[in-house]
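The structure file upload21.csv is reproduced below (CSV, C-alpha atoms and all ligand atoms).
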chain,number,residue,atom,x,y,z
X,1,MET,CA,24.9,17.1,9.0
X,2,THR,CA,25.6,16.0,5.5
X,3,ASN,CA,23.0,13.9,3.7
X,4,ARG,CA,25.2,10.9,4.1
X,5,GLU,CA,25.5,11.5,7.8
X,6,LYS,CA,21.7,11.9,8.0
X,7,ILE,CA,21.2,8.6,6.3
X,8,ASP,CA,23.7,6.8,8.5
X,9,TRP,CA,22.0,8.4,11.5
X,10,LEU,CA,18.6,7.0,10.5
X,11,ALA,CA,20.2,3.6,9.8
X,12,LYS,CA,21.4,3.5,13.4
X,13,GLY,CA,17.9,4.0,14.6
X,14,GLN,CA,18.3,7.7,15.6
X,15,LEU,CA,15.7,10.4,15.0
X,16,LEU,CA,15.9,13.4,12.8
X,17,SER,CA,13.7,16.5,13.0
X,18,GLU,CA,11.2,17.5,10.4
X,19,GLU,CA,13.5,20.2,9.1
X,20,GLU,CA,16.4,17.8,8.8
X,21,LEU,CA,14.3,15.3,7.0
X,22,ALA,CA,12.8,17.9,4.7
X,23,GLY,CA,16.3,19.2,3.9
X,24,LEU,CA,17.4,15.7,3.1
X,25,LEU,CA,14.5,15.1,0.7
X,26,ARG,CA,15.0,18.5,-0.9
X,27,SER,CA,18.8,18.1,-1.6
X,28,LYS,CA,19.2,14.3,-2.1
X,29,THR,CA,21.4,13.3,-5.0
X,30,GLU,CA,21.4,10.1,-7.0
X,31,GLU,CA,24.4,9.0,-4.8
X,32,ASP,CA,22.5,9.6,-1.6
X,33,ARG,CA,19.5,7.6,-3.0
X,34,LEU,CA,21.7,4.6,-3.9
X,35,TYR,CA,23.5,4.8,-0.6
X,36,ALA,CA,20.2,4.7,1.3
X,37,ALA,CA,18.9,1.9,-0.9
X,38,GLY,CA,22.0,-0.2,0.0
X,39,LEU,CA,21.5,0.2,3.7
X,40,ALA,CA,17.8,-0.3,3.4
X,41,ARG,CA,18.3,-3.6,1.5
X,42,THR,CA,20.7,-4.8,4.2
X,43,LEU,CA,18.2,-4.2,6.9
X,44,THR,CA,15.4,-5.9,4.9
X,45,ASP,CA,17.6,-9.0,4.5
X,46,ARG,CA,18.4,-9.0,8.2
X,47,TYR,CA,14.7,-9.4,9.1
X,48,TYR,CA,13.1,-11.1,6.1
X,49,GLY,CA,16.0,-12.5,4.1
X,50,ARG,CA,15.8,-12.4,0.3
X,51,LYS,CA,12.2,-13.4,0.4
X,52,ILE,CA,9.4,-11.5,-1.3
X,53,TYR,CA,5.9,-12.0,-0.1
X,54,PHE,CA,3.0,-12.0,-2.6
X,55,ARG,CA,-0.5,-10.9,-1.7
X,56,GLY,CA,-3.5,-11.7,-3.8
X,57,LEU,CA,-5.4,-8.5,-4.4
X,58,ILE,CA,-9.1,-8.8,-5.0
X,59,GLU,CA,-10.8,-5.5,-6.0
X,60,PHE,CA,-14.3,-6.6,-5.1
X,61,THR,CA,-16.2,-3.3,-5.5
X,62,ASN,CA,-15.5,-0.1,-7.3
X,63,TYR,CA,-18.5,1.8,-5.8
X,64,CYS,CA,-17.4,4.5,-3.5
X,65,LYS,CA,-19.3,7.0,-1.4
X,66,ASN,CA,-16.3,9.3,-1.1
X,67,ASN,CA,-15.0,11.9,-3.5
X,68,CYS,CA,-11.2,12.0,-2.9
X,69,TYR,CA,-10.0,14.6,-5.4
X,70,TYR,CA,-7.1,12.4,-6.7
X,71,CYS,CA,-9.0,9.1,-7.1
X,72,GLY,CA,-10.4,7.7,-10.4
X,73,ILE,CA,-13.3,5.8,-8.7
X,74,ARG,CA,-14.5,8.7,-6.5
X,75,ALA,CA,-18.3,9.0,-6.3
X,76,GLY,CA,-18.4,12.0,-8.5
X,77,ASN,CA,-16.9,10.3,-11.5
X,78,ALA,CA,-19.9,9.4,-13.7
X,79,ASN,CA,-17.7,7.8,-16.3
X,80,VAL,CA,-16.8,4.7,-14.2
X,81,VAL,CA,-18.6,1.5,-15.0
X,82,ARG,CA,-19.5,0.3,-11.5
X,83,TYR,CA,-19.3,-3.3,-10.4
X,84,ARG,CA,-19.6,-5.4,-7.3
X,85,MET,CA,-18.4,-9.0,-7.2
X,86,LYS,CA,-20.7,-11.6,-5.9
X,87,PRO,CA,-19.6,-13.7,-2.9
X,88,GLU,CA,-19.1,-16.7,-5.1
X,89,GLU,CA,-16.9,-14.7,-7.5
X,90,ILE,CA,-14.8,-13.5,-4.6
X,91,TYR,CA,-14.4,-17.1,-3.3
X,92,ALA,CA,-13.5,-18.2,-6.8
X,93,CYS,CA,-10.6,-15.7,-6.8
X,94,CYS,CA,-9.4,-17.0,-3.5
X,95,ASP,CA,-9.6,-20.5,-4.8
X,96,TRP,CA,-7.5,-19.7,-7.9
X,97,GLY,CA,-5.1,-17.6,-5.7
X,98,TYR,CA,-4.7,-20.4,-3.2
X,99,ARG,CA,-3.8,-22.9,-6.0
X,100,ALA,CA,-1.4,-20.3,-7.4
X,101,GLY,CA,0.4,-20.2,-4.0
X,102,PHE,CA,-1.1,-17.1,-2.4
X,103,ARG,CA,-1.4,-17.2,1.4
X,104,THR,CA,-2.7,-13.7,1.9
X,105,PHE,CA,-5.9,-12.4,0.3
X,106,VAL,CA,-6.5,-8.6,0.3
X,107,LEU,CA,-10.1,-7.6,-0.1
X,108,GLN,CA,-9.9,-4.1,-1.4
X,109,GLY,CA,-12.8,-1.8,-2.4
X,110,GLY,CA,-14.2,1.6,-2.5
X,111,GLU,CA,-16.3,2.7,0.6
X,112,ASP,CA,-19.4,0.9,-0.7
X,113,PRO,CA,-22.4,1.0,1.7
X,114,TYR,CA,-23.9,-2.0,0.0
X,115,PHE,CA,-21.3,-4.1,1.7
X,116,ASP,CA,-22.5,-3.5,5.3
X,117,ASP,CA,-20.9,-5.1,8.3
X,118,GLU,CA,-23.0,-8.3,8.0
X,119,LYS,CA,-21.9,-8.9,4.4
X,120,ILE,CA,-18.2,-8.2,5.2
X,121,VAL,CA,-18.4,-10.5,8.2
X,122,GLU,CA,-19.9,-13.2,6.0
X,123,LEU,CA,-17.2,-12.8,3.4
X,124,VAL,CA,-14.4,-12.9,6.0
X,125,SER,CA,-15.7,-15.8,8.0
X,126,THR,CA,-16.3,-17.9,4.8
X,127,ILE,CA,-12.7,-17.2,3.6
X,128,ARG,CA,-11.4,-17.9,7.2
X,129,ASP,CA,-13.2,-21.3,7.2
X,130,ARG,CA,-12.0,-22.3,3.8
X,131,TYR,CA,-8.4,-21.2,4.1
X,132,PRO,CA,-7.3,-21.5,7.7
X,133,ASP,CA,-3.7,-21.1,6.8
X,134,CYS,CA,-4.1,-17.8,5.0
X,135,ALA,CA,-4.0,-14.2,6.2
X,136,ILE,CA,-7.0,-12.0,5.4
X,137,THR,CA,-6.4,-8.3,4.8
X,138,LEU,CA,-9.1,-5.8,4.5
X,139,SER,CA,-8.8,-2.5,2.7
X,140,ILE,CA,-12.3,-1.0,2.8
X,141,GLY,CA,-11.8,2.4,4.3
X,142,GLU,CA,-13.0,4.3,7.4
X,143,LYS,CA,-15.4,2.5,9.8
X,144,SER,CA,-16.3,2.6,13.5
X,145,LYS,CA,-14.2,0.7,16.0
X,146,GLU,CA,-17.1,-1.7,16.5
X,147,SER,CA,-17.2,-2.6,12.8
X,148,TYR,CA,-13.4,-3.1,12.8
X,149,GLN,CA,-13.8,-5.3,15.9
X,150,ARG,CA,-16.5,-7.4,14.2
X,151,TYR,CA,-14.4,-8.1,11.1
X,152,PHE,CA,-11.4,-9.0,13.3
X,153,ASP,CA,-13.5,-11.4,15.3
X,154,ALA,CA,-14.7,-13.0,12.1
X,155,GLY,CA,-11.1,-13.7,11.2
X,156,ALA,CA,-9.5,-10.7,9.5
X,157,ASN,CA,-5.8,-10.3,10.4
X,158,ARG,CA,-4.6,-7.1,8.7
X,159,TYR,CA,-6.0,-3.8,7.5
X,160,LEU,CA,-4.7,-1.3,5.0
X,161,LEU,CA,-5.7,2.3,5.3
X,162,ARG,CA,-3.3,4.8,3.9
X,163,HIS,CA,-3.2,8.0,6.0
X,164,GLU,CA,-2.6,9.8,2.7
X,165,THR,CA,-0.7,12.7,4.4
X,166,ALA,CA,0.1,13.5,8.0
X,167,CYS,CA,-0.5,17.2,7.6
X,168,PRO,CA,-4.1,18.4,8.2
X,169,GLU,CA,-4.0,21.3,5.8
X,170,HIS,CA,-2.6,19.1,3.0
X,171,TYR,CA,-5.2,16.5,3.8
X,172,ARG,CA,-7.9,19.2,3.2
X,173,LYS,CA,-6.4,20.0,-0.2
X,174,LEU,CA,-6.8,16.3,-1.3
X,175,HIS,CA,-10.2,15.5,0.2
X,176,PRO,CA,-13.7,17.0,0.4
X,177,PRO,CA,-14.7,18.6,3.8
X,178,GLN,CA,-16.5,15.5,5.0
X,179,LEU,CA,-13.2,13.7,5.4
X,180,SER,CA,-10.7,14.6,8.0
X,181,LEU,CA,-7.2,13.5,9.0
X,182,GLU,CA,-8.4,13.3,12.5
X,183,ASN,CA,-10.9,10.5,11.7
X,184,ARG,CA,-8.4,8.8,9.5
X,185,LEU,CA,-5.8,8.6,12.3
X,186,ARG,CA,-8.5,7.6,14.8
X,187,CYS,CA,-9.3,4.6,12.5
X,188,LEU,CA,-5.6,3.7,12.3
X,189,ARG,CA,-5.3,3.8,16.1
X,190,ASP,CA,-8.4,1.7,16.6
X,191,LEU,CA,-7.2,-0.9,14.1
X,192,LYS,CA,-3.9,-1.2,15.9
X,193,ASP,CA,-5.5,-1.4,19.3
X,194,ILE,CA,-7.8,-4.2,18.2
X,195,GLY,CA,-4.8,-6.2,17.1
X,196,TYR,CA,-4.8,-5.9,13.3
X,197,GLN,CA,-1.4,-5.8,11.5
X,198,THR,CA,-2.1,-2.3,10.4
X,199,GLY,CA,-0.9,-0.4,7.3
X,200,CYS,CA,-0.8,3.3,6.6
X,201,GLY,CA,0.9,5.1,3.8
X,202,MET,CA,0.8,8.0,1.3
X,203,MET,CA,1.3,8.9,-2.3
X,204,VAL,CA,4.6,10.5,-3.3
X,205,GLY,CA,4.3,13.7,-5.3
X,206,SER,CA,0.6,14.2,-4.7
X,207,PRO,CA,-0.7,17.7,-5.5
X,208,TYR,CA,0.4,20.5,-3.1
X,209,GLN,CA,2.8,18.1,-1.3
X,210,THR,CA,5.9,19.7,0.1
X,211,GLU,CA,9.1,18.1,1.4
X,212,GLU,CA,7.9,19.1,4.9
X,213,ASN,CA,4.7,17.1,4.4
X,214,LEU,CA,6.8,14.0,3.4
X,215,ALA,CA,9.0,14.6,6.5
X,216,GLN,CA,5.8,14.7,8.6
X,217,ASP,CA,4.7,11.4,7.0
X,218,LEU,CA,8.1,9.8,7.9
X,219,LEU,CA,7.8,11.1,11.5
X,220,TYR,CA,4.3,9.7,11.8
X,221,ILE,CA,5.4,6.3,10.5
X,222,GLY,CA,8.3,6.3,13.0
X,223,GLU,CA,5.9,7.1,15.8
X,224,PHE,CA,2.9,4.9,14.9
X,225,ARG,CA,5.1,2.0,13.9
X,226,PRO,CA,2.5,0.3,11.6
X,227,GLU,CA,3.2,-3.3,10.6
X,228,MET,CA,2.9,-2.3,6.9
X,229,VAL,CA,3.4,0.9,4.9
X,230,GLY,CA,2.0,1.3,1.3
X,231,ILE,CA,3.5,4.1,-0.8
X,232,GLY,CA,3.5,4.8,-4.5
X,233,PRO,CA,3.8,7.7,-6.8
X,234,PHE,CA,0.8,9.9,-7.3
X,235,ILE,CA,-0.4,9.4,-10.9
X,236,PRO,CA,-3.1,11.7,-12.4
X,237,HIS,CA,-6.4,10.3,-13.5
X,238,HIS,CA,-8.1,12.0,-16.5
X,239,ASP,CA,-11.5,12.3,-14.8
X,240,THR,CA,-10.3,14.2,-11.7
X,241,CYS,CA,-9.5,17.8,-11.1
X,242,PHE,CA,-5.8,16.8,-10.7
X,243,ARG,CA,-5.7,15.6,-14.3
X,244,ASP,CA,-3.1,18.1,-15.3
X,245,CYS,CA,-0.9,17.7,-12.2
X,246,GLN,CA,2.5,16.1,-12.4
X,247,ALA,CA,3.0,12.5,-11.4
X,248,GLY,CA,5.4,11.6,-8.5
X,249,THR,CA,8.8,10.4,-9.6
X,250,LEU,CA,10.5,7.0,-9.5
X,251,GLU,CA,13.5,8.4,-7.7
X,252,ASP,CA,11.5,10.2,-5.0
X,253,THR,CA,9.4,7.1,-4.4
X,254,LEU,CA,12.5,4.8,-4.2
X,255,PHE,CA,14.2,7.2,-1.8
X,256,LEU,CA,11.2,7.3,0.4
X,257,LEU,CA,10.9,3.5,0.4
X,258,SER,CA,14.5,3.3,1.6
X,259,LEU,CA,14.0,6.0,4.3
X,260,ILE,CA,10.9,4.2,5.6
X,261,ARG,CA,12.9,0.9,5.8
X,262,LEU,CA,15.7,2.8,7.7
X,263,ILE,CA,13.3,4.4,10.2
X,264,HIS,CA,11.2,1.3,10.7
X,265,PRO,CA,13.3,-1.7,9.7
X,266,ARG,CA,10.8,-4.5,10.3
X,267,VAL,CA,8.0,-3.0,8.3
X,268,LEU,CA,6.3,-5.0,5.5
X,269,LEU,CA,6.8,-2.7,2.6
X,270,PRO,CA,5.2,-3.3,-0.8
X,271,ALA,CA,6.6,-2.3,-4.2
X,272,THR,CA,3.3,-1.1,-5.4
X,273,THR,CA,1.4,-1.3,-8.7
X,274,ALA,CA,1.7,2.5,-9.1
X,275,LEU,CA,5.5,2.2,-8.9
X,276,GLY,CA,5.3,-0.5,-11.6
X,277,THR,CA,3.1,1.8,-13.7
X,278,ILE,CA,5.4,4.8,-13.9
X,279,VAL,CA,8.4,2.6,-14.9
X,280,ALA,CA,8.4,-0.9,-16.4
X,281,ASP,CA,10.8,-2.3,-13.8
X,282,GLY,CA,9.6,0.0,-11.0
X,283,ARG,CA,8.6,-2.8,-8.6
X,284,GLU,CA,12.0,-4.6,-9.1
X,285,GLN,CA,13.7,-1.3,-8.3
X,286,GLY,CA,11.4,-0.9,-5.3
X,287,ILE,CA,12.7,-4.3,-4.0
X,288,LEU,CA,16.2,-3.2,-4.4
X,289,ALA,CA,15.4,0.0,-2.4
X,290,GLY,CA,14.0,-2.0,0.5
X,291,ALA,CA,10.6,-3.3,-0.4
X,292,ASN,CA,9.7,-6.9,0.4
X,293,VAL,CA,6.0,-7.3,-0.7
X,294,VAL,CA,4.3,-7.4,-4.1
X,295,MET,CA,0.5,-7.4,-4.5
X,296,PRO,CA,-0.6,-8.9,-7.8
X,297,ASN,CA,-4.1,-8.4,-8.8
X,298,ILE,CA,-6.1,-11.6,-8.8
X,299,SER,CA,-9.5,-10.1,-9.6
X,300,PRO,CA,-11.3,-11.3,-12.7
X,301,THR,CA,-9.8,-9.7,-15.8
X,302,ASP,CA,-13.0,-8.2,-17.1
X,303,MET,CA,-13.4,-6.2,-13.9
X,304,ARG,CA,-9.9,-4.9,-13.6
X,305,LYS,CA,-10.3,-2.3,-16.3
X,306,ASN,CA,-13.0,-0.6,-14.2
X,307,TYR,CA,-10.8,-0.3,-11.0
X,308,LEU,CA,-8.7,2.5,-12.2
X,309,LEU,CA,-7.6,4.8,-9.4
X,310,TYR,CA,-5.1,6.5,-11.9
X,311,ASP,CA,-4.3,6.4,-15.6
X,312,ASN,CA,-2.4,3.6,-17.4
X,313,LYS,CA,-2.5,1.2,-14.5
X,314,ILE,CA,-0.6,-2.0,-15.3
X,315,GLY,CA,-2.0,-5.5,-15.2
X,316,THR,CA,-5.5,-4.6,-16.4
X,317,GLN,CA,-5.4,-6.7,-19.5
X,318,ASP,CA,-3.0,-9.6,-18.6
X,319,ASP,CA,-3.7,-13.1,-17.8
X,320,ALA,CA,-3.1,-13.3,-14.0
X,321,ALA,CA,-1.1,-16.5,-14.2
X,322,GLU,CA,1.1,-15.3,-17.0
X,323,SER,CA,1.9,-11.9,-15.5
X,324,GLN,CA,2.6,-13.5,-12.1
X,325,ARG,CA,5.0,-15.9,-13.7
X,326,ARG,CA,6.8,-13.0,-15.4
X,327,LEU,CA,7.0,-11.0,-12.2
X,328,GLU,CA,8.4,-14.0,-10.3
X,329,GLU,CA,11.0,-14.4,-13.0
X,330,SER,CA,12.1,-10.8,-13.0
X,331,ILE,CA,12.3,-10.8,-9.2
X,332,ALA,CA,14.4,-14.0,-9.4
X,333,ALA,CA,16.6,-12.2,-11.9
X,334,ILE,CA,17.5,-9.5,-9.3
X,335,GLY,CA,18.3,-12.2,-6.7
X,336,TYR,CA,15.1,-12.5,-4.7
X,337,GLN,CA,12.6,-15.3,-4.3
X,338,VAL,CA,8.9,-15.2,-4.3
X,339,VAL,CA,7.6,-17.4,-1.5
X,340,SER,CA,4.3,-19.0,-0.8
X,341,ASP,CA,3.9,-17.8,2.8
X,342,ARG,CA,1.5,-15.7,4.9
X,343,GLY,CA,4.4,-13.3,5.4
X,344,ASP,CA,3.4,-11.9,8.8
X,345,TYR,CA,5.2,-9.0,10.4
X,346,CYS,CA,8.4,-10.1,12.0
X,347,TRP,CA,7.9,-9.6,15.8
X,348,GLU,CA,10.5,-12.1,16.8
X,349,ASP,CA,14.2,-11.8,16.0
X,350,LYS,CA,15.4,-14.3,13.5
X,351,VAL,CA,18.9,-15.7,14.1
P,1,LIG,N1,-2.4,8.0,-8.0
P,1,LIG,C1,-1.8,7.1,-7.1
P,1,LIG,N2,-2.3,6.5,-6.1
P,1,LIG,C2,-3.6,6.7,-5.9
P,1,LIG,N3,-4.5,6.3,-4.9
P,1,LIG,C3,-5.7,6.8,-5.2
P,1,LIG,N4,-5.7,7.6,-6.3
P,1,LIG,C4,-4.4,7.6,-6.7
P,1,LIG,C5,-3.7,8.2,-7.8
P,1,LIG,N5,-4.4,9.0,-8.6
P,1,LIG,C6,-4.0,5.5,-3.8
P,1,LIG,C7,-4.4,6.2,-2.5
P,1,LIG,C8,-5.4,5.1,-1.8
P,1,LIG,C9,-4.9,3.9,-2.5
P,1,LIG,C10,-5.9,2.8,-2.5
P,1,LIG,O1,-4.6,4.2,-3.8
P,1,LIG,O2,-3.3,6.4,-1.6
P,1,LIG,O3,-5.3,5.1,-0.4

Spit out the file's structure as structure tokens when you get a sec.
Ligand code: 5AD
Amino acid sequence: MTNREKIDWLAKGQLLSEEELAGLLRSKTEEDRLYAAGLARTLTDRYYGRKIYFRGLIEFTNYCKNNCYYCGIRAGNANVVRYRMKPEEIYACCDWGYRAGFRTFVLQGGEDPYFDDEKIVELVSTIRDRYPDCAITLSIGEKSKESYQRYFDAGANRYLLRHETACPEHYRKLHPPQLSLENRLRCLRDLKDIGYQTGCGMMVGSPYQTEENLAQDLLYIGEFRPEMVGIGPFIPHHDTCFRDCQAGTLEDTLFLLSLIRLIHPRVLLPATTALGTIVADGREQGILAGANVVMPNISPTDMRKNYLLYDNKIGTQDDAAESQRRLEESIAAIGYQVVSDRGDYCWEDKV
């Protein structure tokens, strides 16, 4: 099959093997990429129209007990100024976000044992009471099924936990031995079984990643059918052992966004901050390649500079209102409209 035939094949909802996908990734041309983006965008429009959903991201703690080799806030990085937001500070972010039109709040943090289940349940139930029309997304790492169930019962609706790579050997090259792909995938399964809208995802161009690995990621996404997929380029952080590794490229990330859309047409797919970090209009290009979600940071400005998973992260200095306005404008300029909406997964067919 030619690359174009493979792309058409995926767009028809047909499967490709790992070798076929790896071959496509290895040999894709700029024309293939634009062709896939066009088909991906048509599919996104079919299910979600030209609407872009905004999620208010609150990075509420940068303490982390893990030591993922790629991540700037890993436990072993002594150069990080650590912070935890107080509940009232978190609610103040929601309050600001609600008035700015956000209807999804994403509580994201390192795996911080200080925030035990009781504290998380308290945060979730308070936000649930105060904002009954908003979705609450958690992104706080690996927990037991019981813990996930407690957060869900308190009112959380969605959970983001990137699988990072679907290949166990590659997983071991990116993480210390305490962490396993097996447990990661167990968590994702539990989340979905409980009823969360569940998000997995991976970095593009992470160290040691091969085209076969990315093909395995695509096959995993096609099989697991998460409601959300977060991908962005790997970007080195100066305080990690991967400091001298190459960043993932814009073109590869855009192509993968499009392929994910073709394989799983209804998925909620963000154009991530990392994509906007490697190229100024990366998020807009992501939308044109099939993304339909953007996640602006609504954490207090003085804390943002300490939540650096990678170098040169955008939006760490700006005024949230001002940068949001600029982003809405640049999204409007490419023909899309930012909407004030929960933006749930599209289970029902729209006519
Ligand atoms: N570059 C890009 N993405 C990163 N993440 C962590 N470190 C980096 C990095 N150096 C991603 C991981 C994680 C998510 C919160 O951020 O995929 O799951």

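Residues in contact with ligand LIG 1 (chain P) (atom pairs separated by at most 8 Å; only C-alpha atoms and all ligand atoms) are X:Cys68, X:Tyr70, X:Cys71, X:Gly72, X:Ser139, X:Leu161, X:Arg162, X:His163, X:Glu164, X:Gly201, X:Met202, X:Met203, X:Ser206, X:Gly230, X:Ile231, X:Gly232, X:Pro233, X:Phe234, X:Ile235, X:Pro236, X:His237, X:Ala247, X:Ala274, X:Leu309, X:Tyr310, X:Asp311.
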
Counting all atoms listed in the file, figure out which residue out of X:Asp217, X:Arg189, X:Ile263, X:Asp319 gets nearest to X:Lys6. X:Ile263

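By all atoms listed in the file, and with residues fewer than 2 positions from X:Ala215 along its chain excluded, the set lying at most 6 Å from it is Glu18, Leu21, Ala22, Glu212, Asn213, Asp217 and Leu218 of chain X.
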
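Distance check against X:Pro226 using only C-alpha atoms: of X:Tyr69, X:Phe242, X:Tyr196, X:Tyr98, the minimum falls on X:Tyr196.
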
For each of X:Glu322, X:Asp252, X:Glu20, X:Glu329, take the minimum atom-to-atom distance to X:Glu284, counting only C-alpha atoms, then give the residue where this is smallest. X:Glu329

Determine, counting all atoms listed in the file, which protein, DNA and RNA residues have an atom within 9 Å of an atom of X:Lys313; residues of the same chain fewer than 6 positions away are not included. Present the result as a VMD selection string. chain X and resid 273 to 274 276 to 278 305

Tell me, as a PyMOL selection string, which residues lie within 10 Å of stretch 26-42 of chain X, counting all atoms listed in the file; anything in the same chain fewer than 2 positions away does not count. chain X and resi 3-4+6-8+10-11+20-24+44-47+49-50+210-212+251-252+254-265+285-292

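Minimum atom-to-atom distance to X:Gly248, evaluated using all atoms listed in the file, belongs to X:Gln209 out of X:Thr272, X:Thr165, X:Asn297, X:Gln209.
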
Near-X:Ile127 list (9 Å; only C-alpha atoms; drop same-chain fewer than 6 positions) as a ChimeraX atom specification: /X:91,94,105,134,136,155

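For X:Asn67, the non-local neighbours within 12 Å, defined as residues at least 4 positions apart in the same chain or in other chains and counting all atoms listed in the file, are Tyr63, Cys71, Gly72, Ile73, Arg74, Ala75, Gly76, Asn77, Ala78, Gly110, Glu111, Leu174, His175, Pro176, Pro177, Gln178, Leu179, Asp239, Thr240, Cys241 and Leu309 of chain X.
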
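Nearest residue to X:Val229 among X:Val267, X:Ala280, X:Val106, X:Leu191 is X:Val267, counting all atoms listed in the file.
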
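Take atom CA of X:Tyr220 and atom CA of X:Gln246: the distance between them is 25.1 Å.
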
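Minimum atom-to-atom distance to X:Gly315, evaluated using all atoms listed in the file, belongs to X:Leu57 out of X:Asp193, X:Leu181, X:Lys51, X:Leu57.
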
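Atom CA of X:Ile331 sits 27.0 Å away from atom CA of X:Ile221.
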
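Put simply, atom CA of X:Gln216 is 19.5 Å away from atom CA of X:Leu160.
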
Restrict the output to stretch 262-285 of chain X and C-alpha atoms, then write it as an mmCIF file, in the first residue's frame.
data_model
loop_
_atom_site.group_PDB
_atom_site.id
_atom_site.type_symbol
_atom_site.label_atom_id
_atom_site.label_comp_id
_atom_site.auth_asym_id
_atom_site.auth_seq_id
_atom_site.Cartn_x
_atom_site.Cartn_y
_atom_site.Cartn_z
ATOM 1 C CA LEU X 262 -8.520 9.020 11.819
ATOM 2 C CA ILE X 263 -8.206 5.949 14.028
ATOM 3 C CA HIS X 264 -10.560 7.254 16.729
ATOM 4 C CA PRO X 265 -12.730 9.979 15.149
ATOM 5 C CA ARG X 266 -14.700 11.069 18.233
ATOM 6 C CA VAL X 267 -11.755 11.482 20.573
ATOM 7 C CA LEU X 268 -11.277 14.779 22.419
ATOM 8 C CA LEU X 269 -7.836 15.809 21.278
ATOM 9 C CA PRO X 270 -5.979 18.787 22.746
ATOM 10 C CA ALA X 271 -3.468 20.942 20.929
ATOM 11 C CA THR X 272 -1.085 20.948 23.879
ATOM 12 C CA THR X 273 1.076 23.587 25.507
ATOM 13 C CA ALA X 274 4.177 21.612 24.496
ATOM 14 C CA LEU X 275 3.124 21.950 20.844
ATOM 15 C CA GLY X 276 2.701 25.701 21.334
ATOM 16 C CA THR X 277 6.135 25.775 22.954
ATOM 17 C CA ILE X 278 8.164 24.346 20.056
ATOM 18 C CA VAL X 279 6.492 26.644 17.479
ATOM 19 C CA ALA X 280 4.627 29.898 18.124
ATOM 20 C CA ASP X 281 1.501 28.828 16.236
ATOM 21 C CA GLY X 282 1.828 25.143 17.137
ATOM 22 C CA ARG X 283 -1.594 24.938 18.784
ATOM 23 C CA GLU X 284 -3.339 26.557 15.821
ATOM 24 C CA GLN X 285 -1.573 24.110 13.509
#
